[in-house]
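Worksheet: one structure, shown below.
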Amino acid sequence: MRWLAARSSGLGIAAMSYVAIDYLRHLSPTWHSRLQPVLWTVLALVAVSRVPFYRHWSSEFRSALPFLGSMIFMLAALLFEALSVRFVTAVLGLEWHSDTPPLPDTGQWLLLALNEKLPHAVVEILRARVIGLHHFLMLFMMLAFSVLFDSVKAPGLGLGARYMFTMAIGRLLRAVTFVSTILPSARPWCANARFRVPAYPHHWAQKYYVPYARDANAIRQIIREDIAYADPGQFLDDYRPDWGSMSFLIDFLRPTTSEGSSWYSLLKKAGGGCNDLIYSGHMLVAVLTAMAWTEAYGGFSSALIWLLVMHSAQREVRERHHYTVDCIVAIYVGILLWKMTGFIWPAKNVSRERRLAMLEKIQGRLTHAAKDSDIDEVRELLKEVEQGSQESQSRGPTRAMWLFACATIFTTITIVLLAFTWTSDG
């Protein structure tokens, strides 16, 4: 019983230890540089040591194709999102970003008011950079790897497929949302600091937005006539490099001569963007991680992760990376999307279904044995059911399955490293 209790709480302890040790980078960089490699090494060795004893590789194999499909879908969604981020920043030009004031945000007002009322120690805790995007990604990786210890129901690849599929849908919805109506950033200096797009608007905005942006009479007239009646004058032309078959992206990305000749490099520079990208992508990742943790593992550690989600949300608003509405929308969208993708994971309890199927097959024989008070026959039939339900688990893994296991562990660790590399800048 003590071993089961330790195993059931071990994942939560490991997760909180990871967050605490990583926060040492702000308190004591020396101890952080000592403890973090030790923690990574211990976690990696413990996970690898469990691979030979894992009994669900056949289930993982069946989930491999959905996992790969979800990964490709997510990468495509991230590519579309990066294109949309660059577009909403570039289409109005840098002057619009610097001249347009941020929107009034009552959430920001509330946090500033609480700074005056709460004890200084509490305010410092709220300001502390306890957790970020890469932390939530790592917490999910730890959750998925915990199938090796039977802390979470197998297959881990199924859980990963659901996470990435849900993330992809959320990213697509997010891109469609923020590209529909362009909102000013809560940080007006951001675009000038991070992007080199033209200062003037794209000719689409010159024709359809600029003449009607500030004049109330012009807005009334365009509502009445429902046509872009104003003469925008001579359009200011953009730099147009030769991108071959990808030249159609020029109007969306608006490259400049100083940014090089590659369209892909422009998308990589998009980062988090410099408009208000409703809803928050950081919060979507945080909520999906918390939902996965709550459903798959539960317990006290799930409550702690939700507290970290709330802490991250108020920091997004406090540091003006997002408006309050972005975080609120991300929370309920993430919860709803996770609930909608339950058909991917958790997988059905195969052993339980197999046991029920065998019980249905022997139901008649079991009934007759019970009527005849033949206890030995009843025991034999129940033993047959139990052995049949565990047949696939007790069977030793084949050489091909061992190769699949090694490839899965290697690929997953590679994905972890790439995720940390690509999210190092947020």
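Chain labels follow the order of the structure tokens: the first chain is A, the next B, and so on; residue numbering restarts at 1 in every chain, and ligands are counted from 1 in their shown order.
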
Find the residues near Leu288 in chain A: any atom within 12 Å, counting only C-alpha atoms, skip ones fewer than 2 places away on the same chain, and give them as number ranges by chain. A: 133, 136-137, 139-140, 159-160, 162-171, 281-286, 290-296, 305-306, 309, 330-339, 341

Alpha helix (DSSP H) residues, from DSSP on the backbone, in range 138-320 of chain A, as JSON, numbers by chain: {"A": [138, 139, 140, 141, 142, 143, 144, 145, 156, 157, 158, 159, 160, 161, 162, 163, 164, 165, 166, 167, 168, 169, 170, 171, 172, 173, 174, 175, 176, 177, 178, 179, 180, 190, 191, 192, 193, 194, 203, 204, 205, 206, 207, 208, 216, 217, 218, 219, 220, 221, 222, 223, 224, 225, 250, 251, 252, 253, 263, 264, 265, 266, 267, 268, 281, 282, 283, 284, 285, 286, 287, 288, 289, 290, 291, 292, 293, 294, 295, 296, 300, 301, 302, 303, 304, 305, 306, 307, 308, 309, 310, 311, 312, 313, 314, 315, 316, 317, 318]}

I'd like the neighbourhood of range 227-229 of chain A as a ChimeraX atom specification, where a residue qualifies if any of its atoms comes within 10 Å (using only C-alpha atoms), though same-chain residues fewer than 6 positions away should be ignored. /A:207-209,211-212,218,221

So which residues touch Val176 in chain A within 9 Å, counting only C-alpha atoms, skipping near sequence neighbours fewer than 4 positions away, as a ChimeraX atom specification? /A:81,84,171-172,180

Would you put the residues from that selection into a file with N, CA, C and O atoms, as a PDB file, in the first residue's frame?
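Dumped to selection-v8.pdb:
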```pdb
ATOM      1  N   GLU A  81      -1.093  30.061 -38.343  1.00  0.00           N
ATOM      2  CA  GLU A  81      -1.123  31.078 -37.301  1.00  0.00           C
ATOM      3  C   GLU A  81       0.028  32.065 -37.478  1.00  0.00           C
ATOM      4  O   GLU A  81      -0.159  33.286 -37.324  1.00  0.00           O
ATOM      5  N   SER A  84      -0.817  34.458 -40.179  1.00  0.00           N
ATOM      6  CA  SER A  84      -1.837  35.408 -39.724  1.00  0.00           C
ATOM      7  C   SER A  84      -1.247  36.454 -38.788  1.00  0.00           C
ATOM      8  O   SER A  84      -1.617  37.637 -38.854  1.00  0.00           O
ATOM      9  N   ARG A 171      -5.551  26.626 -32.087  1.00  0.00           N
ATOM     10  CA  ARG A 171      -4.710  27.581 -32.805  1.00  0.00           C
ATOM     11  C   ARG A 171      -5.401  28.087 -34.070  1.00  0.00           C
ATOM     12  O   ARG A 171      -5.306  29.270 -34.415  1.00  0.00           O
ATOM     13  N   LEU A 172      -6.086  27.200 -34.762  1.00  0.00           N
ATOM     14  CA  LEU A 172      -6.814  27.633 -35.952  1.00  0.00           C
ATOM     15  C   LEU A 172      -7.932  28.606 -35.588  1.00  0.00           C
ATOM     16  O   LEU A 172      -8.113  29.646 -36.240  1.00  0.00           O
ATOM     17  N   SER A 180      -9.717  38.420 -37.918  1.00  0.00           N
ATOM     18  CA  SER A 180     -11.008  38.958 -38.346  1.00  0.00           C
ATOM     19  C   SER A 180     -11.145  40.435 -38.001  1.00  0.00           C
ATOM     20  O   SER A 180     -11.653  41.226 -38.803  1.00  0.00           O
TER      21      SER A 180
END
```

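When only C-alpha atoms are used to measure the gap to Val329 in chain A, the shortest distance among A:Asn275, A:Thr177, A:Thr106, A:Thr411 belongs to A:Thr177.
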
What's the 12 Å shell around Leu83 in chain A, counting only C-alpha atoms, without same-chain residues fewer than 2 positions away, as a PyMOL selection string? chain A and resi 76-81+85-91+172+175-176+178-179+249-254+263-273

Can I get the selection written as a CSV table (one decimal), in the first residue's frame, with N, CA, C and O atoms?
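Final output, saved to again.csv:
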```csv
chain,number,residue,atom,x,y,z
A,76,ALA,N,0.7,22.3,-39.2
A,76,ALA,CA,0.0,23.1,-40.3
A,76,ALA,C,-0.7,24.3,-39.6
A,76,ALA,O,-0.7,25.4,-40.2
A,77,ALA,N,-1.4,24.0,-38.5
A,77,ALA,CA,-2.1,25.1,-37.8
A,77,ALA,C,-1.1,26.2,-37.3
A,77,ALA,O,-1.5,27.4,-37.4
A,78,LEU,N,0.0,25.8,-36.8
A,78,LEU,CA,1.0,26.8,-36.4
A,78,LEU,C,1.5,27.6,-37.5
A,78,LEU,O,1.8,28.8,-37.4
A,79,LEU,N,1.7,26.9,-38.7
A,79,LEU,CA,2.2,27.7,-39.9
A,79,LEU,C,1.1,28.7,-40.3
A,79,LEU,O,1.4,29.9,-40.6
A,80,PHE,N,-0.2,28.3,-40.3
A,80,PHE,CA,-1.2,29.3,-40.6
A,80,PHE,C,-1.3,30.4,-39.6
A,80,PHE,O,-1.5,31.6,-40.0
A,81,GLU,N,-1.1,30.1,-38.3
A,81,GLU,CA,-1.1,31.1,-37.3
A,81,GLU,C,0.0,32.1,-37.5
A,81,GLU,O,-0.2,33.3,-37.3
A,85,VAL,N,-0.3,36.0,-37.9
A,85,VAL,CA,0.3,37.0,-37.0
A,85,VAL,C,1.1,38.0,-37.8
A,85,VAL,O,1.0,39.3,-37.5
A,86,ARG,N,1.8,37.6,-38.8
A,86,ARG,CA,2.6,38.6,-39.6
A,86,ARG,C,1.7,39.5,-40.3
A,86,ARG,O,1.9,40.7,-40.5
A,87,PHE,N,0.6,39.0,-40.8
A,87,PHE,CA,-0.4,39.8,-41.6
A,87,PHE,C,-1.0,40.9,-40.8
A,87,PHE,O,-1.0,42.1,-41.2
A,88,VAL,N,-1.5,40.6,-39.6
A,88,VAL,CA,-2.2,41.6,-38.8
A,88,VAL,C,-1.2,42.6,-38.3
A,88,VAL,O,-1.6,43.8,-38.0
A,89,THR,N,0.1,42.3,-38.2
A,89,THR,CA,1.1,43.3,-37.8
A,89,THR,C,1.4,44.2,-39.0
A,89,THR,O,1.6,45.4,-38.9
A,90,ALA,N,1.6,43.6,-40.2
A,90,ALA,CA,2.1,44.3,-41.4
A,90,ALA,C,1.1,45.1,-42.1
A,90,ALA,O,1.4,46.1,-42.7
A,91,VAL,N,-0.2,44.7,-42.1
A,91,VAL,CA,-1.2,45.3,-43.1
A,91,VAL,C,-1.4,46.8,-42.8
A,91,VAL,O,-1.7,47.5,-43.7
A,172,LEU,N,-6.1,27.2,-34.8
A,172,LEU,CA,-6.8,27.6,-36.0
A,172,LEU,C,-7.9,28.6,-35.6
A,172,LEU,O,-8.1,29.6,-36.2
A,175,ALA,N,-6.4,32.0,-34.7
A,175,ALA,CA,-5.9,32.7,-35.9
A,175,ALA,C,-7.1,33.4,-36.6
A,175,ALA,O,-7.1,34.5,-37.0
A,176,VAL,N,-8.2,32.6,-36.8
A,176,VAL,CA,-9.4,33.1,-37.5
A,176,VAL,C,-10.0,34.3,-36.7
A,176,VAL,O,-10.4,35.3,-37.2
A,178,PHE,N,-8.4,36.5,-34.4
A,178,PHE,CA,-7.6,37.7,-34.3
A,178,PHE,C,-7.4,38.3,-35.7
A,178,PHE,O,-7.1,39.5,-35.8
A,179,VAL,N,-7.5,37.5,-36.7
A,179,VAL,CA,-7.3,38.1,-38.1
A,179,VAL,C,-8.6,38.8,-38.6
A,179,VAL,O,-8.6,39.6,-39.5
A,249,LEU,N,2.2,35.3,-51.2
A,249,LEU,CA,2.3,35.6,-49.8
A,249,LEU,C,2.9,37.0,-49.6
A,249,LEU,O,2.8,37.6,-48.4
A,250,ILE,N,3.4,37.7,-50.6
A,250,ILE,CA,4.0,39.0,-50.5
A,250,ILE,C,3.0,40.0,-49.9
A,250,ILE,O,3.3,40.8,-49.0
A,251,ASP,N,1.7,40.0,-50.4
A,251,ASP,CA,0.7,40.9,-49.9
A,251,ASP,C,0.4,40.7,-48.4
A,251,ASP,O,-0.1,41.6,-47.7
A,252,PHE,N,0.6,39.5,-48.0
A,252,PHE,CA,0.2,39.1,-46.6
A,252,PHE,C,1.4,39.4,-45.6
A,252,PHE,O,1.2,39.9,-44.5
A,253,LEU,N,2.6,39.1,-46.1
A,253,LEU,CA,3.8,39.3,-45.2
A,253,LEU,C,4.5,40.6,-45.3
A,253,LEU,O,5.2,41.0,-44.4
A,254,ARG,N,4.4,41.3,-46.4
A,254,ARG,CA,5.0,42.6,-46.7
A,254,ARG,C,6.4,42.7,-46.3
A,254,ARG,O,6.9,43.4,-45.4
A,263,TRP,N,10.7,33.8,-47.4
A,263,TRP,CA,9.4,34.0,-46.8
A,263,TRP,C,9.4,33.2,-45.5
A,263,TRP,O,8.7,33.6,-44.6
A,264,TYR,N,10.0,32.1,-45.4
A,264,TYR,CA,10.0,31.2,-44.2
A,264,TYR,C,10.6,31.9,-43.1
A,264,TYR,O,10.2,31.8,-41.9
A,265,SER,N,11.7,32.7,-43.3
A,265,SER,CA,12.4,33.4,-42.2
A,265,SER,C,11.5,34.5,-41.6
A,265,SER,O,11.6,34.7,-40.4
A,266,LEU,N,10.7,35.1,-42.5
A,266,LEU,CA,9.7,36.1,-42.0
A,266,LEU,C,8.7,35.4,-41.0
A,266,LEU,O,8.4,36.0,-40.0
A,267,LEU,N,8.2,34.2,-41.3
A,267,LEU,CA,7.3,33.6,-40.5
A,267,LEU,C,7.9,33.2,-39.1
A,267,LEU,O,7.3,33.3,-38.1
A,268,LYS,N,9.2,32.8,-39.2
A,268,LYS,CA,9.8,32.4,-37.9
A,268,LYS,C,10.0,33.7,-37.0
A,268,LYS,O,10.0,33.5,-35.8
A,269,LYS,N,10.1,34.9,-37.6
A,269,LYS,CA,10.3,36.1,-36.8
A,269,LYS,C,8.9,36.6,-36.2
A,269,LYS,O,8.9,37.5,-35.4
A,270,ALA,N,7.8,35.9,-36.6
A,270,ALA,CA,6.5,36.4,-36.2
A,270,ALA,C,6.4,36.3,-34.7
A,270,ALA,O,5.9,37.2,-34.0
A,271,GLY,N,6.9,35.2,-34.1
A,271,GLY,CA,6.8,35.1,-32.6
A,271,GLY,C,5.4,35.2,-32.1
A,271,GLY,O,4.5,34.6,-32.7
A,272,GLY,N,5.2,35.9,-31.1
A,272,GLY,CA,3.9,36.1,-30.5
A,272,GLY,C,3.1,37.3,-31.1
A,272,GLY,O,2.0,37.5,-30.8
A,273,GLY,N,3.7,38.0,-32.1
A,273,GLY,CA,3.0,39.1,-32.7
A,273,GLY,C,3.0,40.3,-31.9
A,273,GLY,O,3.4,40.3,-30.7
```

A:Glu319, A:Thr100, A:Gln234, A:Gly156: which is nearest Ala213 in chain A, counting only C-alpha atoms?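 Ranking A:Glu319, A:Thr100, A:Gln234, A:Gly156 by distance to Ala213 in chain A, first place goes to A:Thr100.
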
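The smallest atom-to-atom distance between Phe67 in chain A and any of A:Cys274, A:Ala121, A:Met246, A:Ala161, using only C-alpha atoms, is found for A:Ala161.
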
How many Å lie between CA of Leu126 in chain A and CA of Asp326 in chain A, rounded to one decimal?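 Pair CA of Leu126 in chain A / CA of Asp326 in chain A returns 18.8 Å.
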
Using only C-alpha atoms, which residues sit within 12 Å of Leu11 in chain A once same-chain residues fewer than 6 positions away are excluded, as an MDAnalysis selection string? chainID A and resid 5 17:18 43 46:47 139:152 293 296:302

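Atom to atom, CA of His26 in chain A and CA of Arg127 in chain A stand 12.4 Å apart.
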
Closest of A:Gly93, A:Val48, A:Asp22, A:Phe53 to Thr412 in chain A - atom-to-atom distances counting only C-alpha atoms: A:Val48

Can you work out which one of A:Pro201, A:Pro37, A:Gly10, A:Pro188 has the shortest atom-to-atom distance to Arg320 in chain A, counting only C-alpha atoms? A:Pro188

Of the residues A:Glu116, A:Asp276, A:Asp238, A:Glu60, which is the one nearest to His202 in chain A, using only C-alpha atoms?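 Closest to His202 in chain A, using only C-alpha atoms: A:Asp238.
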